[in-house]
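What follows is data-v3.tsv (TSV, C-alpha atoms).
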chain	number	residue	atom	x	y	z
Y	190	MET	CA	-0.60	46.71	-77.07
Y	191	PRO	CA	-0.65	48.92	-73.96
Y	192	SER	CA	2.19	48.49	-71.52
Y	193	ARG	CA	1.82	47.12	-68.00
Y	194	THR	CA	2.36	50.58	-66.46
Y	195	SER	CA	-0.39	52.15	-68.54
Y	196	MET	CA	-2.78	49.33	-67.57
Y	197	ARG	CA	-2.11	49.93	-63.86
Y	198	ALA	CA	-2.69	53.66	-64.34
Y	199	LEU	CA	-5.93	52.95	-66.16
Y	200	ARG	CA	-7.13	50.66	-63.33
Y	201	PHE	CA	-6.27	53.30	-60.76
Y	202	VAL	CA	-8.23	55.95	-62.66
Y	203	ILE	CA	-11.24	53.61	-62.98
Y	204	ARG	CA	-11.18	52.79	-59.24
Y	205	LEU	CA	-10.88	56.47	-58.37
Y	206	ALA	CA	-13.85	57.27	-60.60
Y	207	VAL	CA	-15.92	54.49	-59.02
Y	208	VAL	CA	-15.12	55.72	-55.48
Y	209	PHE	CA	-15.99	59.27	-56.48
Y	210	CYS	CA	-19.32	58.19	-57.98
Y	211	LEU	CA	-20.22	56.11	-54.93
Y	212	THR	CA	-19.36	58.99	-52.60
Y	213	THR	CA	-21.47	61.36	-54.65
Y	214	VAL	CA	-24.41	58.95	-54.56
Y	215	VAL	CA	-24.13	58.50	-50.78
Y	216	PHE	CA	-24.02	62.23	-50.12
Y	217	ALA	CA	-26.88	62.81	-52.53
Y	218	ALA	CA	-29.00	60.16	-50.78
Y	219	ASN	CA	-28.09	61.44	-47.30
Y	220	PRO	CA	-27.52	65.17	-47.55
Y	221	VAL	CA	-25.96	66.82	-44.52
Y	222	THR	CA	-28.27	69.61	-43.44
Y	223	PRO	CA	-26.88	72.21	-41.05
Y	224	ALA	CA	-28.52	72.57	-37.66
Y	225	PRO	CA	-31.03	75.43	-37.48
Y	226	PRO	CA	-30.16	78.50	-35.39
Y	227	ILE	CA	-31.02	78.20	-31.72
Y	228	LEU	CA	-32.23	81.71	-30.88
Y	229	PRO	CA	-34.88	83.63	-32.85
Y	230	LYS	CA	-34.58	87.24	-33.99
Y	231	GLN	CA	-37.54	88.32	-31.88
Y	232	PHE	CA	-40.13	86.90	-29.48
Y	233	ALA	CA	-42.85	88.31	-27.23
Y	234	GLY	CA	-41.85	91.93	-27.89
Y	235	TRP	CA	-38.11	91.33	-27.42
Y	236	GLN	CA	-35.83	92.33	-30.32
Y	237	ILE	CA	-32.32	90.96	-30.74
Y	238	GLN	CA	-29.52	93.50	-30.60
Y	239	GLY	CA	-26.96	92.79	-33.31
Y	240	ALA	CA	-26.11	89.23	-34.24
Y	241	ALA	CA	-26.10	86.22	-31.95
Y	242	GLU	CA	-22.71	84.92	-30.80
Y	243	ALA	CA	-22.36	81.33	-31.98
Y	244	SER	CA	-19.68	78.76	-31.15
Y	245	LYS	CA	-19.13	75.02	-31.26
Y	246	GLU	CA	-16.67	75.11	-28.36
Y	247	ALA	CA	-17.94	74.12	-24.94
Y	248	ALA	CA	-15.52	76.57	-23.35
Y	249	ALA	CA	-17.52	79.44	-24.91
Y	250	ALA	CA	-20.58	78.30	-22.97
Y	251	ASP	CA	-18.83	77.56	-19.64
Y	252	PRO	CA	-15.03	77.64	-19.39
Y	253	THR	CA	-15.11	76.00	-15.94
Y	254	ASN	CA	-17.31	73.03	-16.85
Y	255	ALA	CA	-16.40	72.62	-20.52
Y	256	ALA	CA	-15.37	68.98	-20.08
Y	257	LEU	CA	-18.61	68.23	-18.24
Y	258	LEU	CA	-20.69	69.77	-21.02
Y	259	LYS	CA	-18.88	67.63	-23.58
Y	260	GLU	CA	-19.62	64.55	-21.48
Y	261	TYR	CA	-23.31	65.47	-21.58
Y	262	GLY	CA	-23.15	65.68	-25.39
Y	263	PHE	CA	-22.63	69.40	-26.06
Y	264	THR	CA	-22.82	70.35	-29.76
Y	265	ASP	CA	-23.03	74.17	-30.08
Y	266	PHE	CA	-23.80	77.38	-28.23
Y	267	GLU	CA	-25.43	80.75	-28.91
Y	268	ALA	CA	-25.65	83.94	-26.87
Y	269	ALA	CA	-27.56	87.12	-27.62
Y	270	THR	CA	-28.88	90.27	-25.99
Y	271	TYR	CA	-32.50	91.32	-26.45
Y	272	LYS	CA	-34.20	94.62	-25.79
Y	273	SER	CA	-37.87	95.39	-25.18
Y	274	ASP	CA	-39.86	98.48	-26.07
Y	275	ASP	CA	-39.72	99.79	-22.48
Y	276	GLY	CA	-35.90	99.71	-22.49
Y	277	ARG	CA	-35.36	96.53	-20.47
Y	278	THR	CA	-32.62	94.10	-21.59
Y	279	LEU	CA	-32.46	90.34	-21.54
Y	280	LYS	CA	-29.29	88.27	-21.93
Y	281	ILE	CA	-29.81	84.72	-23.16
Y	282	ARG	CA	-27.28	81.92	-23.34
Y	283	ALA	CA	-28.39	78.69	-25.01
Y	284	ALA	CA	-26.48	75.41	-25.30
Y	285	ARG	CA	-27.58	72.59	-27.58
Y	286	PHE	CA	-26.90	68.90	-26.87
Y	287	THR	CA	-27.28	65.71	-28.86
Y	288	ASP	CA	-30.46	64.73	-27.01
Y	289	ALA	CA	-32.78	65.74	-24.20
Y	290	THR	CA	-30.88	63.51	-21.76
Y	291	GLY	CA	-27.79	65.70	-22.09
Y	292	ALA	CA	-29.82	68.90	-21.68
Y	293	PHE	CA	-31.47	67.50	-18.55
Y	294	GLY	CA	-28.08	66.47	-17.13
Y	295	ALA	CA	-26.64	69.95	-17.70
Y	296	PHE	CA	-29.80	71.49	-16.21
Y	297	SER	CA	-29.37	69.38	-13.06
Y	298	LEU	CA	-25.71	70.43	-12.89
Y	299	TYR	CA	-26.60	74.14	-12.67
Y	300	LEU	CA	-29.76	73.65	-10.58
Y	301	GLN	CA	-29.51	75.04	-7.04
Y	302	PRO	CA	-31.72	74.09	-4.07
Y	303	GLU	CA	-32.61	77.73	-3.36
Y	304	MET	CA	-34.17	78.18	-6.81
Y	305	ALA	CA	-37.93	78.34	-7.27
Y	306	ALA	CA	-39.63	75.97	-9.70
Y	307	GLU	CA	-40.95	77.51	-12.93
Y	308	GLU	CA	-43.31	76.06	-15.54
Y	309	ILE	CA	-41.14	76.98	-18.52
Y	310	GLY	CA	-40.13	74.49	-21.18
Y	311	ASP	CA	-39.78	70.91	-19.97
Y	312	ARG	CA	-38.44	72.07	-16.59
Y	313	GLY	CA	-37.45	75.43	-15.24
Y	314	ALA	CA	-36.17	77.20	-12.13
Y	315	SER	CA	-35.42	80.79	-11.19
Y	316	ARG	CA	-33.69	82.90	-8.62
Y	317	ASN	CA	-34.07	86.68	-8.70
Y	318	GLN	CA	-33.48	87.85	-12.30
Y	319	ARG	CA	-31.90	84.55	-13.42
Y	320	VAL	CA	-34.06	81.88	-15.04
Y	321	LEU	CA	-32.82	78.45	-16.04
Y	322	PHE	CA	-34.85	76.02	-18.16
Y	323	PHE	CA	-34.48	73.40	-20.87
Y	324	ARG	CA	-36.75	72.41	-23.73
Y	325	GLY	CA	-35.94	69.26	-25.68
Y	326	HIS	CA	-32.17	69.18	-26.24
Y	327	ILE	CA	-31.54	72.91	-25.56
Y	328	LEU	CA	-30.58	74.42	-22.20
Y	329	VAL	CA	-31.29	78.14	-21.77
Y	330	GLU	CA	-30.10	80.65	-19.18
Y	331	ALA	CA	-31.92	84.00	-19.18
Y	332	ILE	CA	-30.94	87.03	-17.10
Y	333	PHE	CA	-33.37	89.98	-17.00
Y	334	SER	CA	-32.24	93.49	-16.22
Y	335	GLN	CA	-35.61	93.97	-14.52
Y	336	LEU	CA	-38.43	91.50	-13.96
Y	337	SER	CA	-42.05	92.13	-14.89
Y	338	MET	CA	-45.35	90.26	-14.68
Y	339	MET	CA	-44.85	88.95	-18.21
Y	340	SER	CA	-41.26	87.75	-17.86
Y	341	ALA	CA	-42.20	84.09	-17.42
Y	342	ALA	CA	-44.75	84.28	-20.25
Y	343	SER	CA	-42.09	85.73	-22.56
Y	344	LEU	CA	-39.75	82.83	-21.83
Y	345	ARG	CA	-42.58	80.33	-22.42
Y	346	GLU	CA	-43.04	81.81	-25.87
Y	347	LEU	CA	-39.28	81.57	-26.44
Y	348	ALA	CA	-39.32	77.91	-25.35
Y	349	GLY	CA	-42.01	77.20	-27.92
Y	350	MET	CA	-39.86	78.69	-30.69
Y	351	LEU	CA	-36.73	76.65	-29.94
Y	352	PRO	CA	-35.77	73.87	-32.38
Y	353	ARG	CA	-36.99	70.44	-31.39
Y	354	PRO	CA	-35.00	67.18	-31.61
Y	355	SER	CA	-36.19	64.41	-33.89
Y	356	GLY	CA	-37.16	60.87	-32.94
Y	357	ASN	CA	-36.10	59.49	-29.56
Y	358	ALA	CA	-33.63	62.35	-29.02
Y	359	GLY	CA	-36.38	64.25	-27.23
Y	360	THR	CA	-37.00	61.51	-24.61
Y	361	LEU	CA	-35.94	62.12	-21.02
Y	362	PRO	CA	-34.06	59.39	-19.08
Y	363	PRO	CA	-36.41	56.47	-18.25
Y	364	ILE	CA	-34.91	56.22	-14.77
Y	365	LEU	CA	-36.91	59.30	-13.76
Y	366	ALA	CA	-40.05	57.17	-13.69
Y	367	PHE	CA	-38.80	55.03	-10.77
Y	368	VAL	CA	-37.77	57.64	-8.20
Y	369	PRO	CA	-39.98	58.10	-5.11
Y	370	HIS	CA	-41.57	61.50	-4.52
Y	371	HIS	CA	-42.39	61.40	-0.83
Y	372	GLY	CA	-39.80	63.34	1.18
Y	373	TYR	CA	-37.95	64.65	-1.88
Y	374	ILE	CA	-36.06	67.88	-1.28
Y	375	ALA	CA	-36.78	70.20	-4.20
Y	376	ASN	CA	-34.04	71.01	-6.72
Y	377	THR	CA	-31.60	68.39	-5.41
Y	378	GLU	CA	-31.86	66.13	-8.45
Y	379	LYS	CA	-28.57	65.37	-10.21
Y	380	TYR	CA	-27.98	63.22	-13.28
Y	381	ALA	CA	-24.74	61.72	-14.57
Y	382	GLU	CA	-23.81	59.58	-17.54
Y	383	GLY	CA	-20.03	59.82	-17.21
Y	384	PRO	CA	-17.26	59.78	-14.56
Y	385	LEU	CA	-16.73	63.56	-14.58
Y	386	ALA	CA	-20.36	64.28	-13.80
Y	387	LEU	CA	-20.38	61.55	-11.14
Y	388	VAL	CA	-17.63	63.33	-9.24
Y	389	ALA	CA	-19.28	66.72	-9.71
Y	390	ILE	CA	-22.64	65.64	-8.25
Y	391	GLY	CA	-21.11	64.15	-5.08
Y	392	SER	CA	-21.74	60.45	-5.58
Y	393	PRO	CA	-21.20	58.08	-2.62
Y	394	LEU	CA	-19.70	55.55	-5.07
Y	395	PRO	CA	-16.51	55.99	-7.09
Y	396	ALA	CA	-16.66	55.83	-10.86
Y	397	ASP	CA	-14.82	52.49	-10.96
Y	398	LEU	CA	-17.59	50.76	-9.01
Y	399	VAL	CA	-20.30	52.34	-11.14
Y	400	ASP	CA	-18.40	51.23	-14.27
Y	401	PHE	CA	-19.48	53.60	-17.05
Y	402	GLY	CA	-18.08	51.12	-19.55
Y	403	ALA	CA	-21.35	49.21	-19.04
Y	404	SER	CA	-23.35	52.32	-20.12
Y	405	PRO	CA	-25.23	53.00	-16.87
Y	406	GLU	CA	-27.30	56.07	-16.00
Y	407	VAL	CA	-27.00	57.59	-12.54
Y	408	LEU	CA	-29.55	59.73	-10.71
Y	409	LEU	CA	-29.06	61.28	-7.26
Y	410	ARG	CA	-31.71	62.85	-5.05
Y	411	GLN	CA	-31.80	64.18	-1.51
Y	412	TYR	CA	-34.62	63.08	0.79
Y	413	SER	CA	-35.81	64.16	4.18
Y	414	THR	CA	-36.39	61.25	6.58
Y	415	PRO	CA	-37.04	61.03	10.34
Y	416	SER	CA	-33.33	60.23	10.72
Y	417	GLY	CA	-32.19	63.27	8.69
Y	418	GLU	CA	-31.32	64.17	5.12
Y	419	VAL	CA	-30.09	61.20	3.10
Y	420	THR	CA	-28.93	60.56	-0.45
Y	421	LEU	CA	-30.77	58.17	-2.74
Y	422	MET	CA	-28.70	56.98	-5.69
Y	423	LEU	CA	-30.20	55.04	-8.58
Y	424	ILE	CA	-27.98	53.29	-11.12
Y	425	GLU	CA	-29.71	51.81	-14.15
Y	426	TYR	CA	-27.82	49.28	-16.29
Y	427	PRO	CA	-28.88	47.93	-19.68
Y	428	THR	CA	-29.76	44.46	-18.30
Y	429	PRO	CA	-30.65	42.94	-14.89
Y	430	ALA	CA	-27.65	40.60	-15.16
Y	431	LEU	CA	-25.25	43.57	-15.32
Y	432	ALA	CA	-27.01	45.17	-12.35
Y	433	ALA	CA	-26.68	41.98	-10.29
Y	434	GLU	CA	-22.97	41.67	-11.09
Y	435	HIS	CA	-22.26	45.30	-10.16
Y	436	LEU	CA	-24.30	44.99	-6.96
Y	437	ARG	CA	-22.03	42.10	-5.87
Y	438	ARG	CA	-18.99	44.31	-6.50
Y	439	ILE	CA	-20.52	47.18	-4.51
Y	440	ASP	CA	-21.37	44.92	-1.57
Y	441	ALA	CA	-17.86	43.42	-1.62
Y	442	ALA	CA	-16.31	46.89	-1.50
Y	443	HIS	CA	-18.66	48.04	1.26
Y	444	ASN	CA	-18.22	44.98	3.44
Y	445	ALA	CA	-14.42	44.94	3.17
Y	446	ALA	CA	-12.93	45.94	6.53
Y	447	GLN	CA	-9.70	47.10	4.90
Y	448	PRO	CA	-9.26	48.32	1.34
Y	449	GLN	CA	-8.04	45.45	-0.78
Y	450	ALA	CA	-5.95	45.52	-3.90
Y	451	GLY	CA	-8.13	45.84	-6.97
Y	452	VAL	CA	-11.28	46.63	-4.95
Y	453	GLN	CA	-12.46	50.23	-4.79
Y	454	ALA	CA	-13.74	51.38	-1.41
Y	455	VAL	CA	-17.10	53.02	-0.81
Y	456	GLU	CA	-16.79	56.58	0.45
Y	457	ASN	CA	-17.46	57.16	4.13
Y	458	VAL	CA	-20.99	58.58	3.98
Y	459	GLY	CA	-22.38	56.92	7.09
Y	460	PRO	CA	-24.83	54.00	6.99
Y	461	PHE	CA	-25.10	52.39	3.59
Y	462	PHE	CA	-28.02	50.29	2.30
Y	463	ASP	CA	-28.67	48.97	-1.17
Y	464	LYS	CA	-30.94	46.70	-3.18
Y	465	ARG	CA	-31.58	45.69	-6.78
Y	466	THR	CA	-34.88	45.85	-8.63
Y	467	GLY	CA	-34.64	44.72	-12.24
Y	468	PRO	CA	-31.76	46.57	-13.95
Y	469	ILE	CA	-31.71	49.29	-11.25
Y	470	ILE	CA	-29.48	49.41	-8.18
Y	471	ALA	CA	-30.88	51.64	-5.43
Y	472	ILE	CA	-28.51	52.92	-2.74
Y	473	ALA	CA	-29.50	54.88	0.38
Y	474	ALA	CA	-26.58	56.56	2.14
Y	475	GLY	CA	-26.42	58.99	5.01
Y	476	PRO	CA	-27.54	59.27	8.63
Y	477	LEU	CA	-30.59	57.01	8.48
Y	478	SER	CA	-31.84	54.00	10.42
Y	479	GLN	CA	-32.47	50.59	8.91
Y	480	SER	CA	-36.24	51.07	9.04
Y	481	ASP	CA	-36.02	54.43	7.26
Y	482	ALA	CA	-33.72	52.88	4.67
Y	483	GLN	CA	-36.15	50.03	4.05
Y	484	THR	CA	-39.00	52.51	3.64
Y	485	LEU	CA	-37.05	54.65	1.18
Y	486	LEU	CA	-35.67	51.73	-0.82
Y	487	GLY	CA	-39.04	49.99	-0.80
Y	488	ALA	CA	-40.48	52.90	-2.81
Y	489	VAL	CA	-38.13	52.08	-5.69
Y	490	ASN	CA	-39.67	49.32	-7.77
Y	491	TYR	CA	-38.89	48.54	-11.38
Y	492	GLU	CA	-41.84	47.56	-13.54
Y	493	ALA	CA	-40.90	46.14	-16.90
Y	494	SER	CA	-42.99	47.36	-19.81
Y	495	VAL	CA	-42.62	45.91	-23.28
Y	496	THR	CA	-43.61	48.19	-26.15
Y	497	TRP	CA	-43.68	47.56	-29.85
Y	498	ASN	CA	-42.74	50.68	-31.74
Y	499	GLU	CA	-44.06	50.59	-35.26
Y	500	ASN	CA	-44.03	53.57	-37.52
Y	501	THR	CA	-47.52	54.81	-38.32
Y	502	TYR	CA	-48.19	56.92	-41.38
Y	503	PHE	CA	-50.81	59.59	-41.82
Y	504	ASP	CA	-50.63	60.31	-45.51
Y	505	LYS	CA	-53.16	60.03	-48.33
Y	506	LYS	CA	-52.33	56.39	-48.86
Y	507	ASN	CA	-52.80	55.26	-45.26
Y	508	ASN	CA	-55.55	57.63	-44.10
Y	509	ILE	CA	-58.88	55.86	-43.48
Y	510	ALA	CA	-60.85	59.06	-44.12
Y	511	ASN	CA	-59.37	59.36	-47.59
Y	512	LEU	CA	-60.20	55.69	-48.19
Y	513	LEU	CA	-63.87	56.27	-47.34
Y	514	VAL	CA	-64.02	59.37	-49.54
Y	515	ASN	CA	-62.49	57.44	-52.42
Y	516	ILE	CA	-65.03	54.61	-51.95
Y	517	ILE	CA	-67.90	57.11	-52.08
Y	518	LEU	CA	-66.46	58.75	-55.19
Y	519	LEU	CA	-66.02	55.34	-56.81
Y	520	CYS	CA	-69.67	54.47	-56.11
Y	521	ILE	CA	-70.81	57.79	-57.60
Y	522	ILE	CA	-68.65	57.29	-60.70
Y	523	VAL	CA	-69.83	53.69	-61.20
Y	524	GLY	CA	-73.46	54.77	-60.75
Y	525	ALA	CA	-73.05	57.63	-63.21
Y	526	ILE	CA	-71.43	55.33	-65.76
Y	527	SER	CA	-74.23	52.75	-65.32
Y	528	LEU	CA	-76.91	55.42	-65.72
Y	529	ALA	CA	-75.24	56.85	-68.82
Y	530	ALA	CA	-74.82	53.39	-70.30
Y	531	GLY	CA	-78.50	52.55	-69.64
Y	532	VAL	CA	-79.72	55.80	-71.17
Y	533	ALA	CA	-77.47	55.35	-74.20
Y	534	PHE	CA	-78.51	51.73	-74.74
Y	535	GLY	CA	-82.22	52.43	-74.31
Y	536	GLY	CA	-82.12	55.58	-76.43
Y	537	ALA	CA	-80.25	53.86	-79.23
Y	538	ARG	CA	-82.74	51.00	-79.25
Y	539	VAL	CA	-85.69	53.38	-79.39
Y	540	LEU	CA	-84.14	55.33	-82.25
Y	541	LEU	CA	-83.31	52.18	-84.22
Y	542	ARG	CA	-86.79	50.78	-83.83
Y	543	ARG	CA	-88.28	54.10	-84.86
Y	544	TYR	CA	-86.28	54.55	-88.02
Y	545	PHE	CA	-85.78	50.86	-88.87
Y	546	PRO	CA	-88.98	49.07	-87.79
Y	547	GLY	CA	-88.13	45.82	-89.46
Y	548	PRO	CA	-87.52	42.30	-88.27
Y	549	VAL	CA	-83.87	43.09	-87.66
Y	550	PHE	CA	-84.11	45.88	-85.07
Y	551	GLY	CA	-87.63	45.24	-83.87
Y	552	ARG	CA	-91.18	44.10	-84.65
Y	553	ALA	CA	-94.31	45.90	-85.74
Y	554	ASP	CA	-96.50	47.38	-83.01
Y	555	GLN	CA	-99.31	44.86	-83.57
Y	556	ASP	CA	-96.93	41.96	-83.08
Y	557	GLU	CA	-95.52	43.20	-79.80
Y	558	PHE	CA	-97.96	41.27	-77.54
Y	559	ILE	CA	-99.95	38.03	-77.74
Y	560	SER	CA	-103.51	38.38	-76.33
Y	561	LEU	CA	-105.46	35.27	-75.31
Y	562	ASP	CA	-108.81	37.01	-74.52
Y	563	LEU	CA	-109.41	34.69	-71.59
Y	564	GLY	CA	-111.77	37.11	-69.91
Y	565	GLU	CA	-114.25	37.22	-72.81
Y	566	ALA	CA	-114.38	33.41	-73.13
Y	567	ALA	CA	-115.34	33.07	-69.48
Y	568	THR	CA	-118.01	35.76	-69.66
Y	569	HIS	CA	-119.70	34.76	-73.03
Y	570	PRO	CA	-119.68	30.98	-73.62
Y	571	SER	CA	-119.59	29.80	-77.20
Y	572	SER	CA	-122.89	28.65	-78.85
Y	573	ALA	CA	-121.20	25.62	-80.34
Y	574	ARG	CA	-120.64	24.15	-76.89
Y	575	PRO	CA	-123.73	22.14	-75.70
Y	576	GLY	CA	-125.35	23.24	-72.46
Y	577	PRO	CA	-126.31	20.98	-69.56
Y	578	THR	CA	-129.19	18.49	-70.18
Y	579	PRO	CA	-132.19	19.08	-67.93
Y	580	ASP	CA	-133.15	16.28	-65.56
Y	581	PRO	CA	-136.56	14.89	-66.60
Y	582	SER	CA	-137.31	13.68	-63.11
Y	583	ASN	CA	-136.97	17.16	-61.68
Y	584	HIS	CA	-140.43	18.66	-61.83
Y	585	SER	CA	-141.37	21.98	-60.55
The structure given in the file should be rewritten as structure tokens.
Amino acid sequence: MPSRTSMRALRFVIRLAVVFCLTTVVFAANPVTPAPPILPKQFAGWQIQGAAEASKEAAAADPTNAALLKEYGFTDFEAATYKSDDGRTLKIRAARFTDATGAFGAFSLYLQPEMAAEEIGDRGASRNQRVLFFRGHILVEAIFSQLSMMSAASLRELAGMLPRPSGNAGTLPPILAFVPHHGYIANTEKYAEGPLALVAIGSPLPADLVDFGASPEVLLRQYSTPSGEVTLMLIEYPTPALAAEHLRRIDAAHNAAQPQAGVQAVENVGPFFDKRTGPIIAIAAGPLSQSDAQTLLGAVNYEASVTWNENTYFDKKNNIANLLVNIILLCIIVGAISLAAGVAFGGARVLLRRYFPGPVFGRADQDEFISLDLGEAATHPSSARPGPTPDPSNHS
């Protein structure tokens, strides 16, 4: 009989084997695929010089704003130098984030009002030889040694070659759909999804009042009004109830004459107006009148839209065109089989009747039809049938 110690050792070995097998099955079912490289070897006549510098540290991309990049969801970074046939050089730095929201937030962080808008990637801007754009979840900074007429076209080709995120990771923040456009000062858009970014973009509200524990999204824009330049701040919460609760806290902090214990004060940014529309809190702050504030805030209106996302397939099984083709092929096959069966049955019967003309497989040719000769009987009446008797009273 095995001892108690050996039984415990045996149980431990069995449990270890079971855990190992389950782990192997899980990894086999969900293999971890490495992320593809960010930068290509060549594009639009530009050839990479050496190997690209890759790093997973945010400090390699921007030592000053490394913490901010991590808050936006930074994952990895690549930098490379390219050279064209005419001797010009191009330095490219690309940072990848978990989703397009993070790339847009980092893009807004580096965006400057004096930049010119560029149609590169999802959004782009440039100033002199420096071009900044993002495509999907990748933010790119390109610095040309000398610009040419095809510089923007080259970067558009590069943007098309960048890896794309999967699923909803490529969706921009929904709050962008509710900002007004009239009076917007170009390149003043800032986006934050954490307290560090909120401080960096110059928010009129402190992070405690925004409460990032409730998972809000913050968007700031500068607008030109008859009263002057003002700041419009939109805060979107997951539900309207959360937005209503946070609006009460903001109004309590703004209306407090003296800072109270446990209540954060609103920064002194001049007149302050706010409203709630659905899950969005809109705040107008700066040197503006009440009528201008009502006009600006009145342009922010939340419209709820309910969508049902259902995965649609476009394979051979669920393609209607393939279904129609298969139906046509089935009809052809059934028709061919019916024709072949008819020919075979008729041919076999003819052959059997030809070689075996008996009562089993057929009849003689003279017994095939029964003829009544009705036409001859009507034309030539029989002599045995008496004719009509003449009328004796009928005299000519």
message: The residues within 12 Å of (-32.0, 77.8, -20.2), using only C-alpha atoms and the coordinates of the file, should be reported as a PyMOL selection string; which are they?
response: chain Y and resi 227-228+250+266-268+280-285+292-293+295-297+299-300+307+309-315+319-332+344-345+347-348+351
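When all atoms listed in the file are used to measure the gap to Gly417 of chain Y, the shortest distance among Y:Ala482, Y:Val523, Y:Met304, Y:Ala488 belongs to Y:Ala482.
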Using all atoms of segment 508-513 of chain Y listed in the file and a margin of 3 Å per side, can you give the axis-aligned box centre and edge lengths in Å to one decimal, as AutoDock Vina command-line options?
--center_x -59.7 --center_y 57.5 --center_z -45.8 --size_x 14.3 --size_y 9.7 --size_z 10.7
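Distances here use all atoms listed in the file; by that measure, the residue among Y:Arg542, Y:Pro415, Y:Ile439, Y:Ala247 closest to Gln479 of chain Y is Y:Pro415.
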- line: The distance between atom CA of Pro229 of chain Y and atom CA of Gly262 of chain Y is 22.7 Å
message: Could you list, as a PyMOL selection string, every residue within 7 Å of Gln318 of chain Y, counting all atoms listed in the file and ignoring same-chain residues fewer than 2 positions away?
response: chain Y and resi 316+320+332-336
Applying 7 Å and all atoms listed in the file, which residues near segment 233-236 of chain Y remain after dropping the ones on its own chain fewer than 6 positions away? List them as a compact mmCIF listing (two decimals) with C-alpha atoms, in the frame of the given file.
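So result29.txt came out as:
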# COMPACT_ATOMS: atom_id res chain seq x y z
CA TYR Y 271 -32.50 91.32 -26.45
CA LYS Y 272 -34.20 94.62 -25.79
CA SER Y 273 -37.87 95.39 -25.18
CA SER Y 343 -42.09 85.73 -22.56
CA GLU Y 346 -43.04 81.81 -25.87
- prompt: So which residues touch segment 434-436 of chain Y within 10 Å, counting all atoms listed in the file, skipping near sequence neighbours fewer than 3 positions away, as JSON, numbers by chain?
  reply: {"Y": [398, 399, 400, 403, 424, 426, 429, 430, 431, 439, 440, 441, 442, 463, 464, 465, 469, 470, 471, 472]}
Counting all atoms listed in the file, the option among Y:Asn515, Y:Thr428, Y:Ser416, Y:Ser392 closest to Pro468 of chain Y: Y:Thr428
query: Of the residues Y:Asp397, Y:Met338, Y:Phe462, Y:Val407, which is the one nearest to Gln483 of chain Y, using all atoms listed in the file?
result: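 Nearest to Gln483 of chain Y: Y:Phe462.
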- prompt: Can you tell me how far atom CA of Ser340 of chain Y sits from atom CA of Gln238 of chain Y, in Å to one decimal?
  reply: 18.3 Å
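Considering the residues Y:Met422, Y:Tyr261, Y:Cys520, Y:Arg410 and counting all atoms listed in the file, Leu394 of chain Y has its shortest atom-to-atom contact with Y:Met422.
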